[in-house]
file start_7.tsv (TSV, C-alpha atoms)
chain	number	residue	atom	x	y	z
P	1	MET	CA	0.00	0.00	0.00
P	2	PRO	CA	1.29	3.55	-0.73
P	3	ASN	CA	2.48	5.86	2.00
P	4	GLU	CA	0.88	9.27	2.52
P	5	LEU	CA	3.69	11.23	0.88
P	6	GLU	CA	3.76	9.42	-2.46
P	7	LEU	CA	3.00	11.61	-5.46
P	8	ARG	CA	-0.69	11.56	-6.31
P	9	LYS	CA	-2.77	13.73	-8.63
P	10	PHE	CA	-6.40	14.65	-8.00
P	11	VAL	CA	-8.73	15.84	-10.75
P	12	ALA	CA	-12.29	17.06	-10.32
P	13	PRO	CA	-14.70	19.16	-12.36
P	14	GLU	CA	-16.36	22.36	-11.29
P	15	PHE	CA	-19.69	21.33	-9.82
P	16	ILE	CA	-22.81	23.00	-8.46
P	17	PHE	CA	-24.76	20.99	-5.88
P	18	GLY	CA	-28.29	21.75	-4.74
P	19	ILE	CA	-31.94	22.06	-5.68
P	20	GLY	CA	-32.32	23.96	-8.96
P	21	ALA	CA	-28.84	23.19	-10.33
P	22	GLN	CA	-30.38	21.55	-13.42
P	23	HIS	CA	-31.78	24.91	-14.55
P	24	LEU	CA	-28.28	26.36	-15.02
P	25	ALA	CA	-27.52	24.25	-18.13
P	26	GLY	CA	-28.37	27.05	-20.56
P	27	ARG	CA	-26.28	29.62	-18.72
P	28	TYR	CA	-23.22	27.35	-18.78
P	29	ALA	CA	-23.75	26.40	-22.43
P	30	LYS	CA	-23.68	30.12	-23.21
P	31	ASN	CA	-20.55	30.59	-21.06
P	32	PHE	CA	-18.84	27.87	-23.12
P	33	GLY	CA	-19.64	29.71	-26.38
P	34	ALA	CA	-22.24	27.24	-27.64
P	35	ARG	CA	-23.57	27.86	-31.13
P	36	LYS	CA	-25.56	24.60	-31.02
P	37	VAL	CA	-25.86	22.02	-28.24
P	38	LEU	CA	-26.17	18.26	-28.52
P	39	VAL	CA	-28.35	17.07	-25.63
P	40	VAL	CA	-27.64	13.40	-24.88
P	41	THR	CA	-30.32	11.63	-22.84
P	42	ASP	CA	-32.53	8.52	-22.93
P	43	PRO	CA	-36.26	7.78	-23.35
P	44	GLY	CA	-36.83	7.28	-19.60
P	45	ILE	CA	-35.39	10.69	-18.75
P	46	ILE	CA	-37.51	12.31	-21.46
P	47	ALA	CA	-40.62	10.58	-20.07
P	48	ALA	CA	-39.78	11.73	-16.53
P	49	GLY	CA	-39.60	15.36	-17.74
P	50	TRP	CA	-36.00	16.10	-16.77
P	51	ALA	CA	-34.72	16.47	-20.33
P	52	GLU	CA	-37.37	19.09	-21.08
P	53	ARG	CA	-36.37	21.19	-18.06
P	54	VAL	CA	-32.81	21.24	-19.36
P	55	THR	CA	-33.75	22.02	-22.96
P	56	ASP	CA	-36.03	24.81	-21.69
P	57	SER	CA	-33.03	26.40	-19.95
P	58	ILE	CA	-31.05	26.17	-23.21
P	59	GLU	CA	-33.93	27.75	-25.15
P	60	ASP	CA	-34.14	30.53	-22.54
P	61	VAL	CA	-30.66	31.75	-23.52
P	62	GLY	CA	-31.46	31.56	-27.25
P	63	ILE	CA	-29.21	28.62	-28.17
P	64	PRO	CA	-30.47	25.97	-30.63
P	65	TYR	CA	-30.08	22.29	-29.73
P	66	THR	CA	-30.51	18.75	-31.03
P	67	VAL	CA	-31.63	15.89	-28.78
P	68	PHE	CA	-29.96	12.49	-29.14
P	69	SER	CA	-31.80	9.87	-27.05
P	70	GLU	CA	-30.90	6.57	-28.74
P	71	VAL	CA	-29.07	5.46	-25.62
P	72	THR	CA	-29.65	2.12	-23.89
P	73	PRO	CA	-28.52	0.99	-20.41
P	74	ASN	CA	-24.87	-0.09	-20.74
P	75	PRO	CA	-24.37	2.23	-23.78
P	76	ARG	CA	-23.11	0.55	-26.91
P	77	ASP	CA	-20.33	1.53	-29.27
P	78	GLN	CA	-22.72	2.00	-32.21
P	79	GLU	CA	-24.82	4.42	-30.13
P	80	VAL	CA	-21.71	6.51	-29.50
P	81	MET	CA	-20.84	6.50	-33.20
P	82	ALA	CA	-24.42	7.46	-34.19
P	83	GLY	CA	-24.39	10.33	-31.69
P	84	ALA	CA	-21.02	11.56	-32.96
P	85	GLU	CA	-22.39	11.60	-36.50
P	86	ILE	CA	-25.32	13.78	-35.42
P	87	TYR	CA	-22.96	16.05	-33.43
P	88	GLN	CA	-20.90	16.61	-36.60
P	89	SER	CA	-23.75	16.90	-39.12
P	90	ASP	CA	-25.67	19.37	-36.92
P	91	ARG	CA	-22.49	21.43	-36.34
P	92	CYS	CA	-22.76	21.26	-32.54
P	93	ASN	CA	-19.89	22.50	-30.38
P	94	VAL	CA	-21.10	21.78	-26.81
P	95	ILE	CA	-22.54	18.58	-25.29
P	96	VAL	CA	-25.07	18.44	-22.44
P	97	ALA	CA	-25.74	15.03	-20.87
P	98	VAL	CA	-28.93	14.48	-18.86
P	99	GLY	CA	-29.43	11.13	-17.15
P	100	GLY	CA	-27.67	8.36	-15.31
P	101	GLY	CA	-24.35	6.78	-16.16
P	102	SER	CA	-25.49	5.57	-19.57
P	103	PRO	CA	-26.26	8.96	-21.22
P	104	MET	CA	-23.25	10.56	-19.50
P	105	ASP	CA	-20.85	7.82	-20.65
P	106	CYS	CA	-22.35	7.93	-24.14
P	107	ALA	CA	-21.90	11.74	-24.19
P	108	LYS	CA	-18.25	11.33	-23.19
P	109	GLY	CA	-17.80	8.79	-25.99
P	110	ILE	CA	-19.40	11.18	-28.49
P	111	GLY	CA	-16.97	13.88	-27.36
P	112	ILE	CA	-13.97	11.57	-27.79
P	113	VAL	CA	-14.99	10.51	-31.31
P	114	SER	CA	-15.87	14.07	-32.37
P	115	SER	CA	-12.42	15.36	-31.38
P	116	ASN	CA	-10.27	12.36	-32.31
P	117	LYS	CA	-12.04	11.06	-35.46
P	118	ARG	CA	-11.62	7.36	-34.66
P	119	HIS	CA	-13.90	4.53	-33.53
P	120	ILE	CA	-14.68	4.64	-29.81
P	121	VAL	CA	-13.29	1.16	-29.01
P	122	GLU	CA	-9.80	2.33	-30.04
P	123	PHE	CA	-9.54	4.46	-26.87
P	124	GLU	CA	-9.78	1.65	-24.30
P	125	GLY	CA	-7.37	1.90	-21.37
P	126	VAL	CA	-5.68	4.69	-19.45
P	127	ASP	CA	-4.63	8.01	-21.05
P	128	GLN	CA	-5.41	6.94	-24.62
P	129	VAL	CA	-7.39	10.07	-25.62
P	130	PRO	CA	-4.90	12.49	-27.25
P	131	VAL	CA	-7.23	15.37	-28.25
P	132	PRO	CA	-9.49	16.96	-25.58
P	133	CYS	CA	-13.26	16.64	-25.96
P	134	PRO	CA	-15.71	19.51	-26.63
P	135	PRO	CA	-17.17	21.29	-23.57
P	136	LEU	CA	-19.30	18.83	-21.59
P	137	ILE	CA	-22.05	19.71	-19.08
P	138	CYS	CA	-23.42	16.79	-17.03
P	139	ILE	CA	-26.74	16.74	-15.17
P	140	PRO	CA	-26.93	13.41	-13.29
P	141	THR	CA	-30.37	11.95	-12.51
P	142	THR	CA	-29.15	9.01	-10.39
P	143	SER	CA	-27.01	8.70	-7.25
P	144	GLY	CA	-24.53	6.12	-8.38
P	145	SER	CA	-22.43	6.22	-11.51
P	146	SER	CA	-20.66	9.54	-10.71
P	147	ALA	CA	-19.89	9.86	-14.42
P	148	ASP	CA	-20.55	13.58	-13.90
P	149	LEU	CA	-17.37	13.77	-11.80
P	150	SER	CA	-15.10	11.02	-13.03
P	151	GLN	CA	-12.44	10.54	-15.68
P	152	PHE	CA	-14.13	7.24	-16.70
P	153	ALA	CA	-16.37	6.28	-19.61
P	154	ILE	CA	-17.71	2.71	-19.77
P	155	ILE	CA	-18.86	1.63	-23.25
P	156	THR	CA	-20.02	-1.80	-24.46
P	157	ASP	CA	-17.93	-3.15	-27.33
P	158	MET	CA	-20.61	-5.14	-29.18
P	159	GLN	CA	-18.13	-7.10	-31.29
P	160	GLN	CA	-16.21	-8.40	-28.26
P	161	MET	CA	-19.32	-8.37	-25.99
P	162	VAL	CA	-17.42	-6.66	-23.18
P	163	LYS	CA	-17.64	-3.32	-21.41
P	164	ILE	CA	-14.48	-1.34	-22.06
P	165	ALA	CA	-13.15	1.25	-19.62
P	166	ILE	CA	-11.78	4.48	-21.07
P	167	VAL	CA	-9.90	6.45	-18.41
P	168	SER	CA	-8.56	9.93	-19.20
P	169	LYS	CA	-8.57	13.32	-17.53
P	170	THR	CA	-9.94	14.66	-20.83
P	171	LEU	CA	-13.20	12.93	-19.82
P	172	VAL	CA	-13.71	14.95	-16.64
P	173	PRO	CA	-16.78	17.11	-17.44
P	174	ASP	CA	-16.36	20.87	-17.57
P	175	ILE	CA	-19.17	21.26	-15.07
P	176	ALA	CA	-21.57	18.97	-13.20
P	177	LEU	CA	-24.98	20.35	-12.22
P	178	ILE	CA	-26.01	18.04	-9.36
P	179	ASP	CA	-29.66	18.48	-8.41
P	180	PRO	CA	-31.20	16.06	-5.86
P	181	GLN	CA	-34.66	16.87	-7.23
P	182	THR	CA	-33.90	14.79	-10.35
P	183	ASN	CA	-33.72	11.63	-8.20
P	184	VAL	CA	-37.34	11.54	-7.04
P	185	THR	CA	-38.54	9.72	-10.19
P	186	MET	CA	-36.06	6.84	-9.75
P	187	SER	CA	-37.60	3.40	-9.17
P	188	SER	CA	-36.71	1.51	-6.01
P	189	PHE	CA	-34.63	-0.94	-8.08
P	190	LEU	CA	-32.68	1.88	-9.73
P	191	THR	CA	-32.19	3.62	-6.37
P	192	ALA	CA	-30.85	0.36	-4.88
P	193	SER	CA	-28.69	-0.51	-7.90
P	194	THR	CA	-27.07	2.90	-8.30
P	195	GLY	CA	-26.69	3.29	-4.53
P	196	PHE	CA	-24.87	-0.03	-4.19
P	197	ASP	CA	-22.67	0.93	-7.16
P	198	ALA	CA	-21.70	4.15	-5.36
P	199	LEU	CA	-20.96	2.23	-2.15
P	200	THR	CA	-18.76	-0.17	-4.13
P	201	HIS	CA	-16.96	2.80	-5.74
P	202	ALA	CA	-16.11	4.11	-2.28
P	203	ILE	CA	-15.03	0.75	-0.83
P	204	GLU	CA	-12.84	-0.11	-3.82
P	205	ALA	CA	-11.29	3.37	-3.88
P	206	PHE	CA	-10.44	3.14	-0.16
P	207	VAL	CA	-8.56	-0.16	-0.54
P	208	SER	CA	-7.09	0.67	-3.98
P	209	ASN	CA	-3.32	0.56	-4.24
P	210	ALA	CA	-3.53	4.08	-5.71
P	211	HIS	CA	-5.43	5.66	-2.81
P	212	SER	CA	-4.22	8.88	-1.18
P	213	PRO	CA	-5.11	10.89	1.95
P	214	VAL	CA	-7.43	13.04	-0.19
P	215	THR	CA	-9.29	10.14	-1.83
P	216	ASP	CA	-9.54	8.44	1.59
P	217	LEU	CA	-11.49	11.40	3.01
P	218	HIS	CA	-14.02	11.26	0.18
P	219	ALA	CA	-14.29	7.44	0.23
P	220	LEU	CA	-15.05	7.18	3.95
P	221	GLU	CA	-17.58	10.02	3.85
P	222	ALA	CA	-19.30	8.32	0.90
P	223	ILE	CA	-19.47	5.01	2.80
P	224	ARG	CA	-20.92	6.78	5.85
P	225	LEU	CA	-23.58	8.66	3.88
P	226	ILE	CA	-24.68	5.79	1.65
P	227	ASN	CA	-24.76	3.17	4.40
P	228	ALA	CA	-26.80	5.48	6.65
P	229	ASN	CA	-29.33	6.60	4.03
P	230	LEU	CA	-29.78	4.06	1.20
P	231	LEU	CA	-32.44	1.83	2.80
P	232	SER	CA	-34.35	4.85	4.16
P	233	THR	CA	-34.32	6.48	0.71
P	234	ILE	CA	-35.95	3.41	-0.83
P	235	LYS	CA	-38.70	3.56	1.82
P	236	GLU	CA	-39.21	7.33	1.36
P	237	PRO	CA	-38.49	8.00	-2.34
P	238	ASP	CA	-39.96	11.53	-2.25
P	239	ASN	CA	-37.83	12.64	0.72
P	240	LEU	CA	-35.56	15.32	-0.77
P	241	ASP	CA	-33.33	15.42	2.31
P	242	LEU	CA	-32.55	11.70	1.91
P	243	ARG	CA	-32.15	12.06	-1.85
P	244	GLY	CA	-29.70	14.91	-1.22
P	245	LYS	CA	-27.65	12.79	1.18
P	246	MET	CA	-27.48	9.96	-1.35
P	247	MET	CA	-26.41	12.37	-4.09
P	248	LEU	CA	-23.78	13.81	-1.79
P	249	GLY	CA	-22.59	10.28	-1.04
P	250	SER	CA	-22.35	9.54	-4.76
P	251	LEU	CA	-20.45	12.80	-5.26
P	252	HIS	CA	-17.87	11.86	-2.61
P	253	ALA	CA	-17.57	8.34	-4.03
P	254	GLY	CA	-17.00	9.76	-7.51
P	255	LEU	CA	-14.22	12.08	-6.36
P	256	ALA	CA	-12.60	9.10	-4.60
P	257	PHE	CA	-12.73	6.49	-7.35
P	258	SER	CA	-12.03	8.85	-10.24
P	259	ASN	CA	-8.61	9.42	-8.66
P	260	ALA	CA	-7.86	6.21	-6.75
P	261	ILE	CA	-9.50	4.03	-9.47
P	262	LEU	CA	-11.27	0.81	-8.48
P	263	GLY	CA	-10.59	-2.94	-8.22
P	264	ALA	CA	-11.66	-6.50	-8.97
P	265	VAL	CA	-15.39	-5.94	-8.31
P	266	HIS	CA	-15.67	-3.42	-11.11
P	267	ALA	CA	-13.35	-5.31	-13.47
P	268	MET	CA	-15.55	-8.41	-13.01
P	269	ALA	CA	-18.82	-6.43	-13.19
P	270	HIS	CA	-17.76	-4.78	-16.48
P	271	SER	CA	-17.10	-8.23	-17.94
P	272	LEU	CA	-20.49	-9.50	-16.73
P	273	GLY	CA	-22.38	-6.45	-17.97
P	274	GLY	CA	-20.80	-6.69	-21.40
P	275	LEU	CA	-21.65	-10.37	-21.84
P	276	LEU	CA	-25.18	-10.42	-20.42
P	277	ASP	CA	-26.30	-6.75	-20.39
P	278	LEU	CA	-27.03	-6.91	-16.64
P	279	ALA	CA	-27.68	-4.00	-14.26
P	280	HIS	CA	-24.24	-2.85	-13.16
P	281	GLY	CA	-25.15	-2.17	-9.53
P	282	GLU	CA	-26.66	-5.63	-9.12
P	283	CYS	CA	-23.48	-7.20	-10.54
P	284	CYS	CA	-21.45	-5.24	-7.96
P	285	ALA	CA	-23.81	-6.34	-5.17
P	286	VAL	CA	-23.47	-10.03	-6.02
P	287	LEU	CA	-19.67	-9.86	-6.30
P	288	LEU	CA	-18.61	-7.45	-3.52
P	289	ARG	CA	-18.43	-9.74	-0.49
P	290	HIS	CA	-16.61	-12.46	-2.45
P	291	VAL	CA	-13.96	-9.97	-3.57
P	292	ILE	CA	-13.63	-8.52	-0.05
P	293	ALA	CA	-13.04	-12.03	1.33
P	294	TYR	CA	-10.35	-12.60	-1.33
P	295	ASN	CA	-8.67	-9.20	-0.75
P	296	PHE	CA	-9.06	-8.99	3.02
P	297	ASP	CA	-5.59	-10.07	4.14
P	298	ALA	CA	-3.97	-7.63	1.70
P	299	ALA	CA	-5.82	-4.61	3.16
P	300	ALA	CA	-7.14	-5.77	6.54
P	301	GLU	CA	-6.76	-2.44	8.39
P	302	ARG	CA	-8.55	-0.59	5.61
P	303	TYR	CA	-11.45	-3.05	5.51
P	304	GLN	CA	-11.72	-2.71	9.30
P	305	LEU	CA	-12.02	1.07	8.93
P	306	ILE	CA	-14.74	0.48	6.34
P	307	GLY	CA	-16.57	-1.79	8.79
P	308	GLU	CA	-16.34	0.79	11.57
P	309	THR	CA	-17.59	3.51	9.20
P	310	MET	CA	-20.59	1.26	8.49
P	311	GLY	CA	-21.33	1.23	12.23
P	312	LEU	CA	-19.64	-1.97	13.40
P	313	ASN	CA	-17.94	-2.15	16.80
P	314	LEU	CA	-14.96	-4.40	16.12
P	315	ARG	CA	-13.08	-3.77	19.37
P	316	GLY	CA	-11.92	-6.91	21.16
P	317	MET	CA	-12.63	-9.16	18.18
P	318	PHE	CA	-10.11	-11.59	16.75
P	319	PHE	CA	-9.00	-11.11	13.13
P	320	GLU	CA	-11.34	-13.75	11.67
P	321	GLU	CA	-14.27	-12.41	13.73
P	322	LYS	CA	-13.73	-8.92	12.32
P	323	LYS	CA	-13.61	-10.29	8.79
P	324	SER	CA	-16.82	-12.29	9.32
P	325	ALA	CA	-18.64	-9.29	10.82
P	326	ILE	CA	-17.72	-7.07	7.86
P	327	LEU	CA	-18.75	-9.70	5.31
P	328	GLU	CA	-22.05	-10.28	7.16
P	329	THR	CA	-22.79	-6.52	7.12
P	330	ILE	CA	-22.23	-6.37	3.36
P	331	TYR	CA	-24.42	-9.46	2.85
P	332	TYR	CA	-27.18	-8.02	5.06
P	333	LEU	CA	-27.30	-4.84	2.96
P	334	GLN	CA	-27.18	-6.85	-0.27
P	335	LYS	CA	-30.20	-8.94	0.84
P	336	ALA	CA	-32.09	-5.94	2.26
P	337	LEU	CA	-31.84	-4.28	-1.16
P	338	GLY	CA	-33.19	-7.39	-2.90
P	339	PHE	CA	-29.90	-8.38	-4.50
P	340	ASP	CA	-29.89	-11.94	-3.20
P	341	ARG	CA	-29.90	-13.63	-6.60
P	342	THR	CA	-26.80	-15.58	-7.56
P	343	LEU	CA	-24.93	-15.13	-10.84
P	344	GLY	CA	-26.52	-18.39	-11.96
P	345	GLN	CA	-29.98	-16.95	-11.35
P	346	LEU	CA	-28.94	-13.88	-13.35
P	347	GLY	CA	-28.14	-16.11	-16.34
P	348	VAL	CA	-24.43	-16.86	-16.00
P	349	GLN	CA	-23.39	-20.37	-17.07
P	350	ARG	CA	-20.37	-22.17	-15.62
P	351	SER	CA	-19.03	-22.39	-19.17
P	352	ASP	CA	-19.04	-18.55	-19.36
P	353	ILE	CA	-16.59	-18.19	-16.49
P	354	PRO	CA	-13.21	-18.62	-18.28
P	355	VAL	CA	-14.18	-15.96	-20.85
P	356	LEU	CA	-15.56	-13.63	-18.14
P	357	ALA	CA	-12.37	-13.99	-16.09
P	358	SER	CA	-10.10	-13.45	-19.10
P	359	LYS	CA	-11.89	-10.19	-19.96
P	360	ALA	CA	-11.91	-9.04	-16.32
P	361	MET	CA	-8.14	-9.57	-16.07
P	362	LYS	CA	-7.65	-7.11	-18.95
P	363	ASP	CA	-9.85	-4.40	-17.40
P	364	PRO	CA	-7.89	-1.31	-16.22
P	365	CYS	CA	-9.64	-1.49	-12.82
P	366	MET	CA	-7.83	-4.73	-12.02
P	367	ALA	CA	-4.48	-2.93	-11.87
P	368	THR	CA	-5.41	-1.09	-8.65
P	369	ASN	CA	-6.92	-4.07	-6.80
P	370	PRO	CA	-5.06	-4.43	-3.47
P	371	ARG	CA	-4.21	-8.06	-4.23
P	372	ARG	CA	-2.76	-9.09	-7.60
P	373	PRO	CA	-4.91	-11.98	-8.88
P	374	LYS	CA	-4.22	-14.69	-11.42
P	375	GLN	CA	-6.95	-15.63	-13.88
P	376	ARG	CA	-7.79	-18.77	-11.88
P	377	ASP	CA	-8.39	-16.60	-8.78
P	378	ILE	CA	-10.97	-14.57	-10.69
P	379	GLU	CA	-12.59	-17.74	-12.05
P	380	VAL	CA	-12.96	-19.02	-8.48
P	381	LEU	CA	-14.60	-15.73	-7.38
P	382	TYR	CA	-17.14	-16.01	-10.21
P	383	GLU	CA	-17.74	-19.65	-9.23
P	384	GLU	CA	-18.35	-18.65	-5.60
P	385	ALA	CA	-20.97	-16.13	-6.74
P	386	LEU	CA	-22.62	-18.65	-9.07
call {"tool": "encode", "arguments": {"input": "start_7.tsv", "output": "structure tokens"}}
result
Amino acid sequence: MPNELELRKFVAPEFIFGIGAQHLAGRYAKNFGARKVLVVTDPGIIAAGWAERVTDSIEDVGIPYTVFSEVTPNPRDQEVMAGAEIYQSDRCNVIVAVGGGSPMDCAKGIGIVSSNKRHIVEFEGVDQVPVPCPPLICIPTTSGSSADLSQFAIITDMQQMVKIAIVSKTLVPDIALIDPQTNVTMSSFLTASTGFDALTHAIEAFVSNAHSPVTDLHALEAIRLINANLLSTIKEPDNLDLRGKMMLGSLHAGLAFSNAILGAVHAMAHSLGGLLDLAHGECCAVLLRHVIAYNFDAAAERYQLIGETMGLNLRGMFFEEKKSAILETIYYLQKALGFDRTLGQLGVQRSDIPVLASKAMKDPCMATNPRRPKQRDIEVLYEEAL
């Protein structure tokens, strides 16, 4: 694990947090010199009315726009390429993303292709985007992906059937407009899925071998906020105070993982999501405790701090008792959120596992896992979750 004085960089966008932030999209588009805006969203966000609020604010400042909404959950490479074509043909010069991780990741992909003139799958990996993207404004409508803060874009490569991770500081949005009001239309499943994703971001960032004192602060605060408020938010979906705490938790988690990166849970979840088009947060929920058990000895003190932040009193316990208590707490939350299906029940076959593990091993997130796995280790973790 690194010491506190090792060199570390920390990147973050400008962000505005609070009720009404979504209405500032037009003002910022104008500040960025927009002549025409490409608004990237999805049909669900249009139906919920959030896209219209954003386009109204763009109209209010007299800027024309085009809406691109052909975005599916786990956005696909061809959707990115189609959006980039519209961006070019409509002579747009600013991108506004409204939605969860899918529209925001798709918008980032459109920006990459528009500036670099190559197919999106060619940018997989770390620091592979040479030309900066056009100005990007993100308005998140979930409390989970933190794509509005991060230097990540996750795109499904449909030829390889795998989610690829593109990591570059050129993908950090120019501004994030974070408005808790946009969360009240989320379903309980989406609230649970995105919330567990944010919790996993924070846990993996805290034990990452690239963590720093700054990312640690954000990771622990995210764990505290999400653990304390996720179940209550599902019970009271219209409670803006709870929605605000969850969005704040997601914000802290995003600042942590964007800079400390992630680990085996996300590498394995990206592989799963690419093969079977599963909900990312549910994949994380099914995998997390198995990965913690595998990693525990390599980062025991850090996992103990995570347990204490989640409210456990571990004083006086032996090592194995602490480990069991932490794993039980994670499993309790997983079950309470309804994520008690196994990978087998989600559609994974035993014969899929070697391919899943091979793809997970190549994911950039695996490089910062606190324990260096071999492919067979990852196969065993998938088998345990089966």
call {"tool": "residues_around", "arguments": {"input": "start_7.tsv", "residues": "region 358-365 of chain P", "least_positions_apart": "2", "cutoff": "6 Å", "atoms": "only C-alpha atoms", "output": "short mmCIF file (atom, residue, chain, number, x, y, z; two decimals) with C-alpha atoms, keeping the file's coordinate frame"}}
result
data_model
loop_
_atom_site.label_atom_id
_atom_site.label_comp_id
_atom_site.auth_asym_id
_atom_site.auth_seq_id
_atom_site.Cartn_x
_atom_site.Cartn_y
_atom_site.Cartn_z
CA LEU P 262 -11.27 0.81 -8.48
CA GLY P 263 -10.59 -2.94 -8.22
CA ALA P 267 -13.35 -5.31 -13.47
CA MET P 268 -15.55 -8.41 -13.01
CA SER P 271 -17.10 -8.23 -17.94
CA VAL P 355 -14.18 -15.96 -20.85
CA LEU P 356 -15.56 -13.63 -18.14
CA ALA P 367 -4.48 -2.93 -11.87
CA THR P 368 -5.41 -1.09 -8.65
#
call {"tool": "closest_residue", "arguments": {"input": "start_7.tsv", "among": "P:Ser188, P:Ser212, P:Asn31, P:Gln88", "to": "Val113 (chain P)", "atoms": "only C-alpha atoms"}}
result
P:Gln88
call {"tool": "residues_around", "arguments": {"input": "start_7.tsv", "residues": "region 167-178 of chain P", "least_positions_apart": "3", "cutoff": "8 Å", "atoms": "all atoms listed in the file", "output": "ChimeraX atom specification"}}
result
/P:11-18,21-22,24-25,108,124-129,131-133,135-140,148-153,247
call {"tool": "closest_residue", "arguments": {"input": "start_7.tsv", "among": "P:Val291, P:Pro354, P:Asp297, P:Leu230", "to": "Leu327 (chain P)", "atoms": "only C-alpha atoms"}}
result
P:Val291
call {"tool": "residues_around", "arguments": {"input": "start_7.tsv", "residues": "Asp238 (chain P)", "least_positions_apart": "4", "cutoff": "12 Å", "atoms": "only C-alpha atoms", "output": "PyMOL selection string"}}
result
chain P and resi 180-188+191+232-234+242-244
call {"tool": "residues_around", "arguments": {"input": "start_7.tsv", "residues": "Phe206 (chain P)", "least_positions_apart": "4", "cutoff": "10 Å", "atoms": "all atoms listed in the file", "output": "ChimeraX atom specification"}}
result
/P:200-202,210-213,215-220,223,253,256-257,260-262,299,302-303,305-306,370
call {"tool": "closest_residue", "arguments": {"input": "start_7.tsv", "among": "P:Asp179, P:Gly62, P:Thr194, P:Ser143", "to": "His23 (chain P)", "atoms": "all atoms listed in the file"}}
result
P:Asp179
call {"tool": "atom_distance", "arguments": {"input": "start_7.tsv", "atom1": "CA of Ile63 (chain P)", "atom2": "CA of Pro43 (chain P)"}}
result
22.5 Å
call {"tool": "residues_near_point", "arguments": {"input": "start_7.tsv", "point": "(-20.9, 9.2, 6.0)", "cutoff": "10 Å", "atoms": "all atoms listed in the file", "output": "count of residues only"}}
result
19
call {"tool": "build_atoms", "arguments": {"input": "start_7.tsv", "residues": "region 146-160 of chain P", "atoms": "N, CA and C atoms", "output": "compact mmCIF listing (two decimals), in the frame of the given file"}}
result
# COMPACT_ATOMS: atom_id res chain seq x y z
N SER P 146 -21.64 8.44 -10.86
CA SER P 146 -20.66 9.54 -10.71
C SER P 146 -19.91 9.85 -12.00
N ALA P 147 -20.52 9.52 -13.14
CA ALA P 147 -19.89 9.86 -14.42
C ALA P 147 -19.77 11.37 -14.58
N ASP P 148 -20.60 12.11 -13.84
CA ASP P 148 -20.55 13.58 -13.90
C ASP P 148 -19.30 14.15 -13.25
N LEU P 149 -18.57 13.31 -12.51
CA LEU P 149 -17.37 13.77 -11.80
C LEU P 149 -16.11 13.07 -12.24
N SER P 150 -16.25 11.91 -12.87
CA SER P 150 -15.10 11.02 -13.03
C SER P 150 -14.40 11.17 -14.38
N GLN P 151 -13.19 10.58 -14.43
CA GLN P 151 -12.44 10.54 -15.68
C GLN P 151 -12.64 9.19 -16.39
N PHE P 152 -13.78 8.54 -16.10
CA PHE P 152 -14.13 7.24 -16.70
C PHE P 152 -15.24 7.39 -17.72
N ALA P 153 -15.21 6.56 -18.76
CA ALA P 153 -16.37 6.28 -19.61
C ALA P 153 -16.40 4.77 -19.82
N ILE P 154 -17.56 4.16 -19.60
CA ILE P 154 -17.71 2.71 -19.77
C ILE P 154 -18.65 2.47 -20.95
N ILE P 155 -18.12 1.84 -22.00
CA ILE P 155 -18.86 1.63 -23.25
C ILE P 155 -18.84 0.14 -23.58
N THR P 156 -19.97 -0.39 -24.07
CA THR P 156 -20.02 -1.80 -24.46
C THR P 156 -19.52 -1.97 -25.89
N ASP P 157 -18.47 -2.77 -26.03
CA ASP P 157 -17.93 -3.15 -27.33
C ASP P 157 -18.77 -4.34 -27.81
N MET P 158 -19.65 -4.11 -28.78
CA MET P 158 -20.61 -5.14 -29.18
C MET P 158 -19.95 -6.27 -29.97
N GLN P 159 -18.81 -6.02 -30.57
CA GLN P 159 -18.13 -7.10 -31.29
C GLN P 159 -17.50 -8.08 -30.31
N GLN P 160 -16.85 -7.55 -29.27
CA GLN P 160 -16.21 -8.40 -28.26
C GLN P 160 -17.16 -8.79 -27.13
